[in-house]
>>> print(open('start.cif').read())   # mmCIF, C-alpha atoms and all ligand atoms
data_structure
#
loop_
_atom_site.label_atom_id
_atom_site.label_comp_id
_atom_site.auth_asym_id
_atom_site.auth_seq_id
_atom_site.Cartn_x
_atom_site.Cartn_y
_atom_site.Cartn_z
CA MET A 286 0.00 0.00 0.00
CA THR A 287 1.26 3.48 -0.85
CA LYS A 288 2.79 5.22 2.17
CA ASN A 289 2.37 8.96 2.58
CA VAL A 290 5.34 11.11 3.39
CA LEU A 291 4.90 14.74 4.44
CA ILE A 292 7.83 16.91 3.38
CA LEU A 293 8.39 20.06 5.46
CA PRO A 294 11.38 21.93 3.97
CA GLY A 295 11.24 24.83 6.44
CA ASP A 296 13.66 27.75 6.35
CA GLY A 297 17.20 28.73 5.41
CA ILE A 298 19.02 25.80 3.81
CA GLY A 299 15.95 23.61 4.60
CA PRO A 300 14.46 23.81 1.08
CA GLU A 301 17.87 23.21 -0.55
CA ILE A 302 18.73 20.09 1.45
CA THR A 303 15.25 18.53 1.40
CA ALA A 304 15.12 18.96 -2.40
CA GLU A 305 18.17 16.67 -2.61
CA ALA A 306 16.61 14.05 -0.33
CA VAL A 307 13.40 14.18 -2.39
CA LYS A 308 15.48 13.61 -5.55
CA VAL A 309 16.94 10.49 -3.97
CA LEU A 310 13.50 9.22 -2.90
CA ASN A 311 12.05 9.91 -6.36
CA LYS A 312 14.85 7.90 -7.95
CA LEU A 313 13.99 4.95 -5.65
CA VAL A 314 10.33 5.30 -6.64
CA GLU A 315 11.36 5.03 -10.31
CA THR A 316 13.86 2.21 -10.03
CA ASP A 317 13.25 0.22 -6.86
CA GLY A 318 9.50 0.00 -6.46
CA LEU A 319 9.41 2.37 -3.52
CA ASP A 320 5.70 2.95 -3.07
CA ILE A 321 5.35 6.40 -1.52
CA SER A 322 3.53 9.61 -2.28
CA MET A 323 5.04 12.89 -1.13
CA GLU A 324 3.26 16.09 -0.22
CA GLU A 325 4.95 19.34 0.79
CA ASP A 326 3.83 21.90 3.34
CA LEU A 327 5.15 24.82 5.39
CA VAL A 328 6.81 24.87 8.79
CA GLY A 329 8.82 27.42 10.75
CA GLY A 330 9.30 30.97 9.53
CA ALA A 331 7.92 30.01 6.11
CA ALA A 332 4.64 29.00 7.80
CA TYR A 333 4.63 32.10 10.01
CA ASP A 334 4.90 34.38 6.96
CA VAL A 335 1.78 32.80 5.44
CA HIS A 336 -0.32 31.77 8.45
CA GLY A 337 0.98 33.92 11.34
CA VAL A 338 1.93 30.74 13.21
CA PRO A 339 4.98 28.47 12.71
CA LEU A 340 2.78 25.40 12.17
CA ALA A 341 -0.79 25.59 10.91
CA ASP A 342 -3.35 23.22 12.46
CA GLU A 343 -3.95 21.82 8.99
CA THR A 344 -0.26 20.95 8.65
CA MET A 345 -0.30 19.36 12.10
CA ALA A 346 -3.24 17.21 10.98
CA LYS A 347 -1.35 16.19 7.83
CA ALA A 348 1.63 15.16 9.98
CA HIS A 349 -0.64 12.98 12.14
CA ALA A 350 -2.13 11.37 9.04
CA ALA A 351 1.19 10.76 7.26
CA ASP A 352 3.21 7.55 7.61
CA ALA A 353 6.35 9.65 8.10
CA VAL A 354 7.52 13.26 8.04
CA LEU A 355 10.78 14.51 6.51
CA LEU A 356 11.79 17.96 7.76
CA GLY A 357 14.60 20.26 6.64
CA ALA A 358 15.27 22.91 9.29
CA VAL A 359 13.58 25.94 10.81
CA GLY A 360 14.63 29.38 11.98
CA GLY A 361 16.50 32.41 10.74
CA TYR A 362 17.46 36.03 11.38
CA LYS A 363 14.18 37.33 9.98
CA TRP A 364 12.11 35.75 12.76
CA GLU A 365 14.51 36.20 15.70
CA SER A 366 12.66 39.13 17.26
CA LEU A 367 9.22 37.48 17.18
CA ASP A 368 7.54 36.56 20.42
CA ILE A 369 8.89 33.16 21.51
CA SER A 370 5.41 31.63 21.25
CA VAL A 371 5.40 32.02 17.46
CA ARG A 372 9.11 31.61 16.71
CA PRO A 373 9.90 29.06 13.95
CA GLU A 374 11.37 26.63 16.50
CA LYS A 375 7.96 26.37 18.18
CA GLY A 376 6.58 24.76 15.02
CA LEU A 377 9.17 22.01 15.27
CA LEU A 378 8.58 21.56 19.01
CA ARG A 379 4.82 21.28 18.43
CA LEU A 380 5.34 18.54 15.85
CA ARG A 381 7.58 16.61 18.25
CA LYS A 382 5.24 17.02 21.23
CA GLU A 383 1.91 16.37 19.51
CA MET A 384 3.23 13.38 17.57
CA GLU A 385 4.71 12.07 20.86
CA LEU A 386 8.14 11.64 19.25
CA PHE A 387 9.93 11.05 22.52
CA ALA A 388 12.84 9.03 21.15
CA ASN A 389 15.38 10.97 19.12
CA LEU A 390 18.08 8.77 17.60
CA ARG A 391 21.17 10.62 16.41
CA PRO A 392 23.81 8.29 14.99
CA ALA A 393 27.32 9.77 14.94
CA VAL A 394 28.98 7.47 12.45
CA LEU A 395 32.21 8.31 10.68
CA PHE A 396 32.42 7.40 7.02
CA PRO A 397 36.06 6.22 6.80
CA GLN A 398 36.61 8.53 3.81
CA LEU A 399 36.05 11.51 6.15
CA ALA A 400 38.54 10.56 8.87
CA SER A 401 40.74 13.49 7.98
CA ALA A 402 37.79 15.92 7.65
CA SER A 403 37.23 15.82 11.41
CA THR A 404 38.97 18.47 13.48
CA LEU A 405 40.19 15.61 15.69
CA LYS A 406 43.11 13.37 14.77
CA PRO A 407 42.09 10.58 12.36
CA GLU A 408 43.19 7.87 14.83
CA VAL A 409 40.86 9.31 17.49
CA VAL A 410 37.79 9.12 15.24
CA ALA A 411 38.54 6.20 12.86
CA GLY A 412 35.83 3.54 13.27
CA LEU A 413 33.56 5.84 15.29
CA ASP A 414 29.99 4.58 15.60
CA ILE A 415 27.97 6.13 18.45
CA LEU A 416 24.22 6.27 18.82
CA ILE A 417 22.92 9.18 20.87
CA VAL A 418 19.43 8.53 22.24
CA ARG A 419 17.98 11.88 23.24
CA GLU A 420 14.69 12.23 25.10
CA LEU A 421 12.75 14.68 22.93
CA THR A 422 9.38 15.61 24.40
CA GLY A 423 10.17 16.41 28.03
CA GLY A 424 12.79 17.95 30.28
CA ILE A 425 13.51 21.63 30.45
CA TYR A 426 12.26 22.20 26.89
CA PHE A 427 8.66 21.59 27.94
CA GLY A 428 8.60 21.97 31.75
CA GLN A 429 6.06 24.31 33.34
CA PRO A 430 6.12 26.93 34.72
CA ARG A 431 8.27 28.92 32.36
CA GLY A 432 8.47 32.51 31.37
CA ILE A 433 9.93 35.91 32.16
CA ARG A 434 8.46 37.73 35.17
CA THR A 435 9.07 41.04 36.88
CA LEU A 436 10.01 40.88 40.54
CA ASP A 437 8.81 43.29 43.20
CA ASN A 438 12.08 45.19 42.93
CA GLY A 439 11.42 45.76 39.23
CA GLU A 440 14.10 43.34 38.05
CA ARG A 441 13.11 40.83 35.34
CA GLN A 442 13.65 37.14 36.02
CA GLY A 443 13.63 34.37 33.42
CA TYR A 444 12.73 30.85 34.53
CA ASN A 445 12.25 27.36 33.13
CA THR A 446 11.48 24.09 34.84
CA TYR A 447 13.55 20.95 34.42
CA VAL A 448 11.14 18.11 35.04
CA TYR A 449 10.89 14.42 34.13
CA SER A 450 8.29 11.97 35.32
CA GLU A 451 9.30 8.35 35.95
CA SER A 452 7.32 7.05 32.98
CA GLU A 453 9.11 9.46 30.64
CA VAL A 454 12.49 8.23 31.82
CA ARG A 455 11.43 4.57 31.66
CA ARG A 456 10.27 4.68 28.06
CA ILE A 457 13.42 6.38 26.75
CA ALA A 458 15.56 4.03 28.85
CA HIS A 459 13.93 1.00 27.21
CA VAL A 460 14.56 2.46 23.74
CA ALA A 461 18.22 2.95 24.65
CA PHE A 462 18.68 -0.51 26.20
CA GLN A 463 17.01 -2.13 23.20
CA ALA A 464 19.24 -0.18 20.83
CA ALA A 465 22.30 -1.27 22.85
CA MET A 466 21.16 -4.91 22.58
CA LYS A 467 21.26 -4.61 18.78
CA ARG A 468 24.70 -3.00 18.87
CA ASN A 469 27.74 -3.48 21.11
CA LYS A 470 25.70 -3.83 24.32
CA LYS A 471 27.19 -0.85 26.04
CA LEU A 472 25.06 1.99 27.41
CA THR A 473 26.26 5.26 28.92
CA SER A 474 23.59 7.29 30.68
CA VAL A 475 24.49 10.98 30.87
CA ASP A 476 23.14 13.13 33.69
CA LYS A 477 23.99 15.78 36.28
CA ALA A 478 22.96 13.63 39.26
CA ASN A 479 25.52 15.34 41.49
CA VAL A 480 23.51 18.58 41.33
CA LEU A 481 20.00 18.08 39.90
CA GLU A 482 17.37 15.90 41.59
CA VAL A 483 15.58 15.33 38.30
CA THR A 484 18.65 13.50 36.99
CA GLU A 485 19.30 11.80 40.32
CA MET A 486 15.96 10.10 39.72
CA TRP A 487 16.90 9.51 36.06
CA ARG A 488 20.01 7.61 37.24
CA GLU A 489 18.00 5.51 39.74
CA ILE A 490 15.54 4.48 37.03
CA ILE A 491 18.31 3.47 34.62
CA ASP A 492 19.77 1.25 37.37
CA GLU A 493 16.34 -0.17 38.14
CA ILE A 494 15.78 -1.16 34.49
CA ALA A 495 19.31 -2.46 33.87
CA PRO A 496 18.64 -6.00 35.28
CA GLU A 497 16.03 -6.47 32.52
CA TYR A 498 18.94 -6.25 30.05
CA PRO A 499 21.66 -8.27 31.81
CA GLU A 500 23.84 -8.40 28.70
CA VAL A 501 24.12 -4.61 28.50
CA GLN A 502 27.04 -3.06 30.31
CA VAL A 503 25.81 0.20 31.85
CA ASN A 504 27.73 3.17 33.13
CA HIS A 505 26.75 6.66 34.26
CA MET A 506 28.58 9.82 33.39
CA TYR A 507 28.08 13.44 34.40
CA VAL A 508 27.35 15.60 31.38
CA ASP A 509 30.40 17.83 31.79
CA ASN A 510 32.69 14.82 31.82
CA ALA A 511 30.77 13.27 28.88
CA ALA A 512 31.40 16.41 26.83
CA MET A 513 35.11 16.10 27.58
CA GLN A 514 35.26 12.31 27.01
CA LEU A 515 33.60 12.74 23.59
CA VAL A 516 36.65 14.57 22.32
CA LEU A 517 39.23 12.71 24.44
CA ASN A 518 38.21 9.16 23.55
CA PRO A 519 34.93 9.03 21.62
CA LYS A 520 35.25 5.37 20.71
CA GLN A 521 34.61 4.35 24.34
CA PHE A 522 30.92 5.03 23.64
CA ASP A 523 28.37 2.74 22.00
CA VAL A 524 24.90 4.05 22.96
CA MET A 525 24.50 7.24 25.01
CA VAL A 526 21.13 8.07 26.55
CA THR A 527 20.30 11.47 27.97
CA GLY A 528 17.65 14.13 28.42
CA ASN A 529 16.44 16.68 25.92
CA MET A 530 18.85 19.56 26.49
CA PHE A 531 22.01 17.56 27.20
CA GLY A 532 21.23 15.47 24.09
CA ASP A 533 20.87 18.60 21.98
CA ILE A 534 24.29 19.84 23.03
CA LEU A 535 26.17 16.53 22.98
CA SER A 536 24.84 15.62 19.54
CA ASP A 537 26.14 18.85 17.98
CA GLU A 538 29.48 18.13 19.65
CA ALA A 539 29.49 14.53 18.40
CA SER A 540 28.68 15.67 14.87
CA MET A 541 32.16 17.15 14.53
CA LEU A 542 33.64 13.71 15.15
CA THR A 543 32.00 12.63 11.88
CA GLY A 544 33.56 15.50 9.93
CA SER A 545 30.73 18.01 9.99
CA ILE A 546 27.35 18.90 11.46
CA GLY A 547 26.21 18.36 7.86
CA MET A 548 26.65 14.59 8.33
CA LEU A 549 24.46 14.03 11.41
CA ALA A 550 21.06 12.52 10.62
CA SER A 551 18.24 11.92 13.06
CA ALA A 552 15.04 9.99 13.59
CA SER A 553 12.42 11.10 16.10
CA LEU A 554 10.14 8.18 16.91
CA ASP A 555 6.95 7.53 18.84
CA ALA A 556 6.15 4.27 20.65
CA ASN A 557 5.12 2.63 17.34
CA ASN A 558 8.07 3.76 15.24
CA LYS A 559 6.07 6.40 13.46
CA GLY A 560 8.48 9.20 13.02
CA MET A 561 9.80 12.49 11.85
CA TYR A 562 13.20 12.58 10.19
CA GLU A 563 15.46 15.59 10.07
CA PRO A 564 19.12 16.49 10.01
CA SER A 565 20.44 17.41 13.47
CA HIS A 566 21.67 20.79 12.27
CA GLY A 567 19.74 23.99 11.84
CA SER A 568 18.77 26.25 8.97
CA ALA A 569 22.32 27.63 8.60
CA PRO A 570 21.21 31.16 7.68
CA ASP A 571 24.85 32.12 7.04
CA ILE A 572 24.98 29.91 3.92
CA ALA A 573 21.29 29.77 2.96
CA GLY A 574 20.40 30.33 -0.68
CA GLN A 575 23.96 29.73 -1.86
CA ASN A 576 23.68 26.05 -2.89
CA LYS A 577 26.59 25.34 -0.53
CA ALA A 578 25.01 23.25 2.23
CA ASN A 579 25.83 19.62 2.76
CA PRO A 580 22.65 17.64 2.00
CA LEU A 581 24.02 14.31 3.29
CA ALA A 582 22.56 14.54 6.82
CA THR A 583 19.12 15.02 5.25
CA ILE A 584 19.64 12.21 2.74
CA LEU A 585 20.82 9.97 5.60
CA SER A 586 17.69 11.00 7.54
CA ALA A 587 15.60 9.87 4.56
CA ALA A 588 17.47 6.54 4.78
CA MET A 589 16.50 6.32 8.48
CA MET A 590 12.89 6.99 7.44
CA LEU A 591 13.01 4.04 5.03
CA ARG A 592 14.49 1.89 7.79
CA TYR A 593 12.25 2.77 10.75
CA SER A 594 8.91 3.92 9.34
CA LEU A 595 8.61 2.62 5.79
CA GLY A 596 9.87 -0.96 6.20
CA ARG A 597 12.55 -0.65 3.49
CA GLU A 598 15.82 -1.47 5.24
CA ASP A 599 17.12 -2.61 1.83
CA LEU A 600 16.73 0.90 0.41
CA ALA A 601 18.18 2.53 3.53
CA VAL A 602 21.32 0.46 3.02
CA LYS A 603 21.30 1.31 -0.68
CA ILE A 604 21.34 5.03 0.10
CA GLU A 605 24.13 4.65 2.67
CA GLU A 606 26.19 2.68 0.15
CA ALA A 607 25.58 5.28 -2.54
CA ILE A 608 26.84 8.01 -0.18
CA SER A 609 29.92 5.94 0.52
CA LYS A 610 30.57 5.60 -3.24
CA VAL A 611 30.23 9.34 -3.74
CA LEU A 612 32.74 9.96 -0.95
CA ASP A 613 35.05 7.37 -2.59
CA GLN A 614 34.83 9.47 -5.76
CA GLY A 615 36.30 12.35 -3.76
CA LEU A 616 33.24 14.59 -3.99
CA ARG A 617 32.83 16.93 -1.01
CA THR A 618 30.72 19.93 -0.06
CA GLY A 619 32.68 22.80 1.50
CA ASP A 620 32.14 21.72 5.12
CA ILE A 621 33.89 18.36 4.55
CA MET A 622 36.34 19.53 1.86
CA ASP A 623 39.74 17.89 2.07
CA ALA A 624 43.05 17.93 0.20
CA GLY A 625 42.87 16.16 -3.18
CA CYS A 626 39.05 16.18 -3.24
CA THR A 627 36.65 17.93 -5.59
CA GLN A 628 34.35 20.56 -4.09
CA VAL A 629 30.73 20.30 -5.19
CA THR A 630 27.54 22.23 -4.53
CA CYS A 631 24.55 21.00 -2.56
CA SER A 632 22.65 20.03 -5.71
CA GLU A 633 25.69 18.42 -7.33
CA MET A 634 26.09 16.28 -4.20
CA GLY A 635 22.44 15.21 -4.44
CA ASP A 636 22.87 14.40 -8.15
CA ALA A 637 25.98 12.35 -7.39
CA VAL A 638 24.11 10.29 -4.77
CA VAL A 639 21.26 9.69 -7.22
CA ALA A 640 23.76 8.58 -9.88
CA ALA A 641 25.45 6.21 -7.42
CA LEU A 642 22.20 4.48 -6.39
N1 LIG B 1 16.13 21.10 13.60
C1 LIG B 1 16.14 22.37 13.31
O1 LIG B 1 15.32 22.83 12.54
C2 LIG B 1 17.17 23.25 13.89
C3 LIG B 1 18.30 22.73 14.53
C4 LIG B 1 19.26 23.62 15.05
C5 LIG B 1 19.09 24.98 14.92
N2 LIG B 1 17.96 25.45 14.29
C6 LIG B 1 17.76 26.86 14.03
O2 LIG B 1 18.63 27.22 12.96
C7 LIG B 1 19.00 28.59 13.08
C8 LIG B 1 20.52 28.70 13.03
O3 LIG B 1 21.08 28.08 14.16
P1 LIG B 1 22.63 27.90 14.40
O4 LIG B 1 23.38 28.82 13.53
O5 LIG B 1 22.85 27.90 15.83
O6 LIG B 1 22.90 26.37 13.96
P2 LIG B 1 23.06 25.74 12.50
O7 LIG B 1 23.15 24.26 12.70
O8 LIG B 1 21.99 26.21 11.59
O9 LIG B 1 24.45 26.28 11.95
C9 LIG B 1 25.67 26.19 12.68
C10 LIG B 1 26.85 26.24 11.71
O10 LIG B 1 26.89 25.01 10.99
C11 LIG B 1 26.81 25.24 9.60
N3 LIG B 1 25.96 24.20 9.00
C12 LIG B 1 24.81 23.72 9.52
N4 LIG B 1 24.28 22.81 8.69
C13 LIG B 1 25.12 22.70 7.64
C14 LIG B 1 25.11 21.93 6.45
N5 LIG B 1 24.14 21.05 6.16
N6 LIG B 1 26.14 22.07 5.59
C15 LIG B 1 27.14 22.93 5.85
N7 LIG B 1 27.20 23.69 6.96
C16 LIG B 1 26.19 23.58 7.84
C17 LIG B 1 26.19 26.62 9.44
O11 LIG B 1 26.55 27.21 8.22
C18 LIG B 1 26.73 27.34 10.67
O12 LIG B 1 28.00 27.85 10.40
C19 LIG B 1 18.38 29.06 14.40
O13 LIG B 1 17.20 29.71 14.09
C20 LIG B 1 18.13 27.77 15.15
O14 LIG B 1 17.08 27.87 16.08
C21 LIG B 1 17.02 24.60 13.77
C1 LIG B 2 15.73 24.24 16.73
C2 LIG B 2 15.77 23.63 18.08
C3 LIG B 2 14.41 23.73 18.71
C4 LIG B 2 16.24 22.17 18.05
C5 LIG B 2 16.36 21.63 19.46
O1 LIG B 2 16.91 22.31 20.34
O2 LIG B 2 15.93 20.50 19.68
C6 LIG B 2 17.55 21.88 17.35
O3 LIG B 2 18.63 22.49 17.96
C7 LIG B 2 17.76 20.40 17.23
O4 LIG B 2 18.79 19.91 17.70
O5 LIG B 2 16.91 19.71 16.64
MG MG B 3 20.27 21.19 18.21
#
>>> encode(input="start.cif", output="structure tokens")
Amino acid sequence: MTKNVLILPGDGIGPEITAEAVKVLNKLVETDGLDISMEEDLVGGAAYDVHGVPLADETMAKAHAADAVLLGAVGGYKWESLDISVRPEKGLLRLRKEMELFANLRPAVLFPQLASASTLKPEVVAGLDILIVRELTGGIYFGQPRGIRTLDNGERQGYNTYVYSESEVRRIAHVAFQAAMKRNKKLTSVDKANVLEVTEMWREIIDEIAPEYPEVQVNHMYVDNAAMQLVLNPKQFDVMVTGNMFGDILSDEASMLTGSIGMLASASLDANNKGMYEPSHGSAPDIAGQNKANPLATILSAAMMLRYSLGREDLAVKIEEAISKVLDQGLRTGDIMDAGCTQVTCSEMGDAVVAAL
């Protein structure tokens, strides 16, 4: 049966990079019997400009009805002074929250061809394969109360609430343990249990669940140390599980181990593997509209969509192999450019992946 994919290009480089992923999907429709229909809609600043909100209710309904959503990125200078309630990022957060996409998988995998594109020494990153499991619908991003208030002395005070309920921690913990079981059976839970009660409880729950997965070796790490260990010795990690904000920060850090933020894909899944797929990076307003962005994180996100939501593991592998071939050919966008390689544009990179399929 035909599966429906909602494409939300968004802002900045979003439309450029999603166009390349759509090219790749269209090629698979033509040649590999991929049975999908794709519909595009607006999110982020692009939606605000038309509807006055960063995600129209009608688009939200389409996302609920779709089998999967592929999103580019949201945000940009133009919308930075808007009230926070209608900022482009709120459109993305609404999609995540209302679709209950609590499990964000961000694989930091180094293509061997890019070992020297990382800012770290090749021997530190060679063979890197980490899966960051980030809780995506709770924590300080969504905690209430929040806001900016004026105190009696006239001073303004900003406040947010860092909160997790036990059930929220349990369900992300199970996703992480199950992922570890399919990989190298090592799980590092990242917290700040030495200071924050919310993560003290997080740590207790991880330990409580661990006996259900006796083969998984579990350790706990404070987030500040984890940030340091990621650059000191990243290959010690297999699966890392953490809350929403720590996961946001550590995944951007981990992206540089793979050569560029332009290589880090992501899948955001609900309890039934329905999902939204998006690169981990943002709308890169500094290079938007210049056909310079690296579309590979988005194309790899489309591969994750085929794997997790569309039941086509074979085509996910095919895309990953095509990307590897293109890197073997020495083609690189500016962010991963290396000596002896040929620099290509965003659309040339997409064309090269299509040709290598
Ligand atoms: N998922 C999302 O939609 C998402 C994620 C992060 C940030 N944002 C938003 O994006 C806007 C810009 O944020 P930022 O500058 O902090 O982060 P960013 O990820 O957009 O950019 C950071 C740096 O990385 C570069 N970069 C990012 N993606 C790239 C790619 N594919 N190829 C080459 N270079 C790339 C950019 O040029 C920039 O120098 C903000 O409005 C932010 O809220 C959106
Ligand atoms: C744009 C922003 C809301 C988002 C986040 O913080 O989750 C982004 O940084 C990400 O990593 O997907
Ligand atoms: Mg981020």
>>> axis_aligned_box(input="start.cif", around="ligand LIG 2 (chain B)", padding_each_side="4 Å", output="lines of an AutoDock Vina configuration file")
center_x = 16.6
center_y = 22.0
center_z = 18.5
size_x = 12.4
size_y = 12.5
size_z = 11.7
>>> residues_near_ligand(input="start.cif", ligand="ligand LIG 1 (chain B)", cutoff="9 Å", atoms="all atoms listed in the file", output="MDAnalysis selection string")
chainID A and resid 295:299 302 329 356:362 364:365 372:374 377 533 537 545:549 563:573 577:583 618:621 631
>>> residues_around(input="start.cif", residues="A:Val526", least_positions_apart="6", cutoff="12 Å", atoms="all atoms listed in the file", output="PyMOL selection string")
chain A and resi 388-392+415-421+454-465+471-476+487-488+491+503-508+511+532-533+535-536
>>> write_last_selection(input="start.cif", atoms="C-alpha atoms", output="PDB file, in the coordinates of the input")
ATOM      1  CA  ALA A 388      12.840   9.030  21.150  1.00  0.00           C
ATOM      2  CA  ASN A 389      15.380  10.970  19.120  1.00  0.00           C
ATOM      3  CA  LEU A 390      18.080   8.770  17.600  1.00  0.00           C
ATOM      4  CA  ARG A 391      21.170  10.620  16.410  1.00  0.00           C
ATOM      5  CA  PRO A 392      23.810   8.290  14.990  1.00  0.00           C
ATOM      6  CA  ILE A 415      27.970   6.130  18.450  1.00  0.00           C
ATOM      7  CA  LEU A 416      24.220   6.270  18.820  1.00  0.00           C
ATOM      8  CA  ILE A 417      22.920   9.180  20.870  1.00  0.00           C
ATOM      9  CA  VAL A 418      19.430   8.530  22.240  1.00  0.00           C
ATOM     10  CA  ARG A 419      17.980  11.880  23.240  1.00  0.00           C
ATOM     11  CA  GLU A 420      14.690  12.230  25.100  1.00  0.00           C
ATOM     12  CA  LEU A 421      12.750  14.680  22.930  1.00  0.00           C
ATOM     13  CA  VAL A 454      12.490   8.230  31.820  1.00  0.00           C
ATOM     14  CA  ARG A 455      11.430   4.570  31.660  1.00  0.00           C
ATOM     15  CA  ARG A 456      10.270   4.680  28.060  1.00  0.00           C
ATOM     16  CA  ILE A 457      13.420   6.380  26.750  1.00  0.00           C
ATOM     17  CA  ALA A 458      15.560   4.030  28.850  1.00  0.00           C
ATOM     18  CA  HIS A 459      13.930   1.000  27.210  1.00  0.00           C
ATOM     19  CA  VAL A 460      14.560   2.460  23.740  1.00  0.00           C
ATOM     20  CA  ALA A 461      18.220   2.950  24.650  1.00  0.00           C
ATOM     21  CA  PHE A 462      18.680  -0.510  26.200  1.00  0.00           C
ATOM     22  CA  GLN A 463      17.010  -2.130  23.200  1.00  0.00           C
ATOM     23  CA  ALA A 464      19.240  -0.180  20.830  1.00  0.00           C
ATOM     24  CA  ALA A 465      22.300  -1.270  22.850  1.00  0.00           C
ATOM     25  CA  LYS A 471      27.190  -0.850  26.040  1.00  0.00           C
ATOM     26  CA  LEU A 472      25.060   1.990  27.410  1.00  0.00           C
ATOM     27  CA  THR A 473      26.260   5.260  28.920  1.00  0.00           C
ATOM     28  CA  SER A 474      23.590   7.290  30.680  1.00  0.00           C
ATOM     29  CA  VAL A 475      24.490  10.980  30.870  1.00  0.00           C
ATOM     30  CA  ASP A 476      23.140  13.130  33.690  1.00  0.00           C
ATOM     31  CA  TRP A 487      16.900   9.510  36.060  1.00  0.00           C
ATOM     32  CA  ARG A 488      20.010   7.610  37.240  1.00  0.00           C
ATOM     33  CA  ILE A 491      18.310   3.470  34.620  1.00  0.00           C
ATOM     34  CA  VAL A 503      25.810   0.200  31.850  1.00  0.00           C
ATOM     35  CA  ASN A 504      27.730   3.170  33.130  1.00  0.00           C
ATOM     36  CA  HIS A 505      26.750   6.660  34.260  1.00  0.00           C
ATOM     37  CA  MET A 506      28.580   9.820  33.390  1.00  0.00           C
ATOM     38  CA  TYR A 507      28.080  13.440  34.400  1.00  0.00           C
ATOM     39  CA  VAL A 508      27.350  15.600  31.380  1.00  0.00           C
ATOM     40  CA  ALA A 511      30.770  13.270  28.880  1.00  0.00           C
ATOM     41  CA  GLY A 532      21.230  15.470  24.090  1.00  0.00           C
ATOM     42  CA  ASP A 533      20.870  18.600  21.980  1.00  0.00           C
ATOM     43  CA  LEU A 535      26.170  16.530  22.980  1.00  0.00           C
ATOM     44  CA  SER A 536      24.840  15.620  19.540  1.00  0.00           C
TER      45      SER A 536
END
>>> atom_distance(input="start.cif", atom1="atom CA of A:Arg592", atom2="atom CA of A:Val524")
18.5 Å
>>> closest_residue(input="start.cif", among="A:Tyr447, A:Asp636, A:Thr404, A:Leu378", to="ligand MG 3 (chain B)", atoms="all atoms listed in the file")
A:Leu378
>>> atom_distance(input="start.cif", atom1="atom CA of A:Val394", atom2="atom CA of A:Leu380")
26.3 Å
>>> closest_residue(input="start.cif", among="A:Ala353, A:Ala306, A:Gly337, A:Lys288", to="A:Ile608", atoms="all atoms listed in the file")
A:Ala306
>>> atom_distance(input="start.cif", atom1="atom O2 of ligand LIG 2 (chain B)", atom2="atom CA of A:Val309")
25.7 Å
>>> residues_around(input="start.cif", residues="A:Tyr593", least_positions_apart="3", cutoff="8 Å", atoms="all atoms listed in the file", output="CSV table (one decimal) with C-alpha atoms, in the coordinates of the input")
chain,number,residue,atom,x,y,z
A,558,ASN,CA,8.1,3.8,15.2
A,559,LYS,CA,6.1,6.4,13.5
A,560,GLY,CA,8.5,9.2,13.0
A,589,MET,CA,16.5,6.3,8.5
A,590,MET,CA,12.9,7.0,7.4
A,596,GLY,CA,9.9,-1.0,6.2
A,598,GLU,CA,15.8,-1.5,5.2
>>> decode(input="start.cif", residues="stretch 547-559 of chain A", atoms="C-alpha atoms", output="mmCIF file, in the first residue's frame")
data_model
loop_
_atom_site.group_PDB
_atom_site.id
_atom_site.type_symbol
_atom_site.label_atom_id
_atom_site.label_comp_id
_atom_site.auth_asym_id
_atom_site.auth_seq_id
_atom_site.Cartn_x
_atom_site.Cartn_y
_atom_site.Cartn_z
ATOM 1 C CA GLY A 547 26.207 18.358 7.864
ATOM 2 C CA MET A 548 26.653 14.585 8.330
ATOM 3 C CA LEU A 549 24.457 14.031 11.412
ATOM 4 C CA ALA A 550 21.060 12.522 10.617
ATOM 5 C CA SER A 551 18.236 11.920 13.059
ATOM 6 C CA ALA A 552 15.038 9.991 13.593
ATOM 7 C CA SER A 553 12.416 11.100 16.100
ATOM 8 C CA LEU A 554 10.140 8.179 16.914
ATOM 9 C CA ASP A 555 6.950 7.528 18.844
ATOM 10 C CA ALA A 556 6.153 4.272 20.648
ATOM 11 C CA ASN A 557 5.117 2.628 17.345
ATOM 12 C CA ASN A 558 8.073 3.763 15.235
ATOM 13 C CA LYS A 559 6.069 6.401 13.462
#
